[in-house]
Amino acid sequence: MSAGVDAGCEGCRCHGKDRHPAILYTLLSQNLRPGAARQRCLCPQRRTVCLRTPHLTCRAASHVLVKTINFMKNVAAFHLLPREDQLLLLDSCWVPLFLLGLVQEMVTFEVTEAPAPSMLKKILLSGQSKGQEPEGTQPTLAAVQRLQWCLNSFWRLDLSPSEFTYLRGAILFNPDIPGLRAALYIESLQWEAQRALRELLHPEDQARFSHILRVTSSLRSIPAALVTALFFRPVIGGAAMGELLAEMLFEAPGWPQAPWLPLPC
């Protein structure tokens, strides 16, 4: 049995003896960086995955992202904040707000195992794939299952449109981000959003308010790198997600027609 995930799954098939074409491998692998020839893990939970229908899912995800940024644009209190605070909030909250949008739009998706690059391709492209993400940053089955668990938890809440609206405000105005210049003002905005959300509920249903906040906290545990790699990397390539988000928020009012968004069928 394996001693643990970090131990490299010593008991699984991924640590069987490598079999390379001796002559070709000897000739071409001289410039392969150390560790690049390592066989990728075949343990089910650690296998890298990709979207089963990337065109459909990425298109739906892109439109949810546009709606997410438009929500931020339409919140007057957000635009009263210093630009630096707006950028900090954008960087901190775009993932949970986007995931909340997936929930409201009922966007579902399936994944399949990502095809592994051949050893020959790894050797020939070694040192030339500067724009590509390393294999370790690709979504794993375990990470995607965690994401789907969070989405399913929200679907079970069956939020009303008003609950979605106030919850977005509570997520957007997060005063706990280091470096905020108007942290006290942002804290008051979050409190107002939470108060409005609480007032939507019947007095005997206040336990639902606490449950909503607990489930919301799970969205913040989803890494931005996972969301970017799974939903947006297939269409933006090596572009920096943070820069694209800032352009959407500040510089591109016509962003739904931006070239990186998948065109509707």
# chains A, B, ... in the order shown; residues from 1 in each chain; ligands from 1
$ residues_around --residues "stretch 163-178 of chain A" --least-positions-apart "6" --cutoff "9 Å" --atoms "only C-alpha atoms" --output "ChimeraX atom specification"
/A:71-72,75,78,88-90,92-94,96-97,100-101,104,184-197,200,212-213,216
$ select_by_dssp --residues "stretch 79-203 of chain A" --states "strand (DSSP E or B)" --output "number ranges by chain"
A: 111-113, 140
$ closest_atom_pairs --of "stretch 65-115 of chain A" --to "stretch 150-159 of chain A" --cutoff "10 Å" --atoms "only C-alpha atoms" --output "Markdown table"
| residue | atom | partner | partner_atom | distance |
| --- | --- | --- | --- | --- |
| A:Leu99 | CA | A:Leu151 | CA | 7.4 |
| A:Leu100 | CA | A:Leu151 | CA | 8.0 |
| A:Leu102 | CA | A:Leu151 | CA | 7.9 |
| A:Val103 | CA | A:Leu151 | CA | 6.2 |
| A:Gln104 | CA | A:Leu159 | CA | 8.3 |
| A:Met106 | CA | A:Trp155 | CA | 8.3 |
| A:Val107 | CA | A:Leu151 | CA | 9.5 |
| A:Thr108 | CA | A:Leu151 | CA | 9.1 |
$ write_last_selection --atoms "C-alpha atoms" --output "CSV table (one decimal), in the first residue's frame"
chain,number,residue,atom,x,y,z
A,99,LEU,CA,-18.9,29.4,-9.4
A,100,LEU,CA,-22.1,30.9,-7.9
A,102,LEU,CA,-22.5,28.3,-12.6
A,103,VAL,CA,-24.9,27.3,-9.9
A,104,GLN,CA,-27.5,29.8,-10.8
A,106,MET,CA,-27.3,25.3,-13.8
A,107,VAL,CA,-24.1,24.7,-15.8
A,108,THR,CA,-23.1,21.1,-15.5
$ closest_atom_pairs --of "stretch 132-200 of chain A" --to "stretch 223-231 of chain A" --cutoff "10 Å" --atoms "only C-alpha atoms" --output "JSON lines"
{"residue": "A:Glu133", "atom": "CA", "partner": "A:Ala229", "partner_atom": "CA", "distance": 8.9}
{"residue": "A:Thr137", "atom": "CA", "partner": "A:Ala225", "partner_atom": "CA", "distance": 7.3}
{"residue": "A:Gln138", "atom": "CA", "partner": "A:Ala229", "partner_atom": "CA", "distance": 6.4}
{"residue": "A:Pro139", "atom": "CA", "partner": "A:Leu226", "partner_atom": "CA", "distance": 5.8}
{"residue": "A:Thr140", "atom": "CA", "partner": "A:Leu226", "partner_atom": "CA", "distance": 8.7}
{"residue": "A:Ala143", "atom": "CA", "partner": "A:Leu226", "partner_atom": "CA", "distance": 7.6}
{"residue": "A:Val144", "atom": "CA", "partner": "A:Leu226", "partner_atom": "CA", "distance": 8.1}
{"residue": "A:Leu147", "atom": "CA", "partner": "A:Val227", "partner_atom": "CA", "distance": 8.9}
$ atom_distance --atom1 "atom CA of A:Ala114" --atom2 "atom CA of A:Thr48"
5.6 Å
$ atom_distance --atom1 "atom CA of A:Arg52" --atom2 "atom CA of A:Phe232"
14.0 Å
$ select_by_dssp --residues "stretch 81-209 of chain A" --states "alpha helix (DSSP H)" --output "PyMOL selection string"
chain A and resi 83-104+119-125+141-157+161-172+183-199+206-209
$ closest_residue --among "A:Leu201, A:Ala76, A:Ala142, A:Met241" --to "A:Ser160" --atoms "only C-alpha atoms"
A:Leu201
$ atom_distance --atom1 "atom CA of A:Leu56" --atom2 "atom CA of A:Glu113"
17.6 Å
$ decode --residues "stretch 225-253 of chain A" --atoms "N, CA, C and O atoms" --output "CSV table (one decimal), in the first residue's frame"
chain,number,residue,atom,x,y,z
A,225,ALA,N,-6.4,28.6,-10.0
A,225,ALA,CA,-5.7,27.9,-11.0
A,225,ALA,C,-6.5,26.7,-11.6
A,225,ALA,O,-6.4,26.4,-12.8
A,226,LEU,N,-7.3,26.1,-10.7
A,226,LEU,CA,-8.1,25.0,-11.2
A,226,LEU,C,-9.2,25.5,-12.1
A,226,LEU,O,-9.5,24.9,-13.2
A,227,VAL,N,-9.9,26.5,-11.7
A,227,VAL,CA,-11.0,27.1,-12.5
A,227,VAL,C,-10.5,27.6,-13.8
A,227,VAL,O,-11.1,27.3,-14.9
A,228,THR,N,-9.3,28.2,-13.8
A,228,THR,CA,-8.8,28.8,-15.0
A,228,THR,C,-8.4,27.6,-16.0
A,228,THR,O,-8.7,27.7,-17.2
A,229,ALA,N,-7.7,26.6,-15.5
A,229,ALA,CA,-7.2,25.5,-16.3
A,229,ALA,C,-8.4,24.7,-16.9
A,229,ALA,O,-8.3,24.3,-18.0
A,230,LEU,N,-9.4,24.5,-16.1
A,230,LEU,CA,-10.5,23.7,-16.5
A,230,LEU,C,-11.4,24.4,-17.5
A,230,LEU,O,-11.8,23.8,-18.5
A,231,PHE,N,-11.8,25.6,-17.2
A,231,PHE,CA,-12.9,26.3,-18.0
A,231,PHE,C,-12.3,27.3,-19.0
A,231,PHE,O,-13.0,27.6,-20.0
A,232,PHE,N,-11.1,27.9,-18.8
A,232,PHE,CA,-10.7,29.0,-19.6
A,232,PHE,C,-9.4,28.7,-20.4
A,232,PHE,O,-9.2,29.3,-21.5
A,233,ARG,N,-8.5,27.9,-19.9
A,233,ARG,CA,-7.3,27.7,-20.6
A,233,ARG,C,-7.5,27.2,-22.0
A,233,ARG,O,-6.7,27.5,-22.9
A,234,PRO,N,-8.5,26.3,-22.2
A,234,PRO,CA,-8.7,25.8,-23.6
A,234,PRO,C,-8.9,26.9,-24.6
A,234,PRO,O,-8.7,26.7,-25.8
A,235,VAL,N,-9.4,28.1,-24.2
A,235,VAL,CA,-9.7,29.2,-25.1
A,235,VAL,C,-8.8,30.4,-25.0
A,235,VAL,O,-8.6,31.1,-26.0
A,236,ILE,N,-8.2,30.6,-23.8
A,236,ILE,CA,-7.3,31.7,-23.7
A,236,ILE,C,-5.8,31.3,-23.9
A,236,ILE,O,-4.9,32.2,-23.9
A,237,GLY,N,-5.5,30.1,-23.9
A,237,GLY,CA,-4.1,29.6,-24.1
A,237,GLY,C,-3.3,30.0,-22.9
A,237,GLY,O,-3.7,29.9,-21.8
A,238,GLY,N,-2.1,30.6,-23.2
A,238,GLY,CA,-1.2,31.0,-22.2
A,238,GLY,C,-1.4,32.4,-21.7
A,238,GLY,O,-0.6,32.9,-20.9
A,239,ALA,N,-2.5,33.1,-22.0
A,239,ALA,CA,-2.8,34.5,-21.6
A,239,ALA,C,-3.0,34.5,-20.1
A,239,ALA,O,-3.5,33.5,-19.5
A,240,ALA,N,-2.6,35.6,-19.4
A,240,ALA,CA,-2.8,35.7,-18.0
A,240,ALA,C,-4.2,36.0,-17.6
A,240,ALA,O,-4.8,37.0,-18.1
A,241,MET,N,-4.8,35.2,-16.8
A,241,MET,CA,-6.2,35.3,-16.5
A,241,MET,C,-6.5,36.6,-15.8
A,241,MET,O,-7.5,37.3,-16.0
A,242,GLY,N,-5.6,37.0,-14.9
A,242,GLY,CA,-5.8,38.2,-14.1
A,242,GLY,C,-5.8,39.5,-15.0
A,242,GLY,O,-6.6,40.4,-14.8
A,243,GLU,N,-5.0,39.5,-16.0
A,243,GLU,CA,-5.0,40.6,-16.9
A,243,GLU,C,-6.2,40.7,-17.7
A,243,GLU,O,-6.8,41.8,-18.0
A,244,LEU,N,-6.7,39.5,-18.2
A,244,LEU,CA,-8.0,39.5,-18.9
A,244,LEU,C,-9.2,40.0,-18.1
A,244,LEU,O,-10.0,40.7,-18.5
A,245,LEU,N,-9.2,39.6,-16.8
A,245,LEU,CA,-10.3,40.0,-15.9
A,245,LEU,C,-10.2,41.5,-15.7
A,245,LEU,O,-11.3,42.2,-15.7
A,246,ALA,N,-9.0,42.1,-15.5
A,246,ALA,CA,-8.9,43.5,-15.3
A,246,ALA,C,-9.4,44.3,-16.6
A,246,ALA,O,-10.0,45.3,-16.5
A,247,GLU,N,-9.0,43.7,-17.8
A,247,GLU,CA,-9.5,44.4,-19.0
A,247,GLU,C,-11.0,44.3,-19.1
A,247,GLU,O,-11.7,45.3,-19.5
A,248,MET,N,-11.6,43.2,-18.7
A,248,MET,CA,-13.1,43.1,-18.7
A,248,MET,C,-13.7,44.1,-17.8
A,248,MET,O,-14.7,44.7,-18.1
A,249,LEU,N,-13.1,44.3,-16.7
A,249,LEU,CA,-13.7,45.2,-15.7
A,249,LEU,C,-13.5,46.7,-16.0
A,249,LEU,O,-14.4,47.5,-15.8
A,250,PHE,N,-12.3,47.0,-16.5
A,250,PHE,CA,-12.0,48.5,-16.6
A,250,PHE,C,-11.9,49.0,-18.1
A,250,PHE,O,-12.2,50.2,-18.3
A,251,GLU,N,-11.6,48.1,-19.0
A,251,GLU,CA,-11.2,48.7,-20.3
A,251,GLU,C,-12.0,48.2,-21.5
A,251,GLU,O,-11.9,48.7,-22.6
A,252,ALA,N,-12.9,47.2,-21.3
A,252,ALA,CA,-13.6,46.6,-22.5
A,252,ALA,C,-15.1,46.5,-22.3
A,252,ALA,O,-15.6,45.4,-21.9
A,253,PRO,N,-15.8,47.6,-22.4
A,253,PRO,CA,-17.3,47.5,-22.2
A,253,PRO,C,-18.0,46.5,-23.2
A,253,PRO,O,-19.0,46.0,-22.9
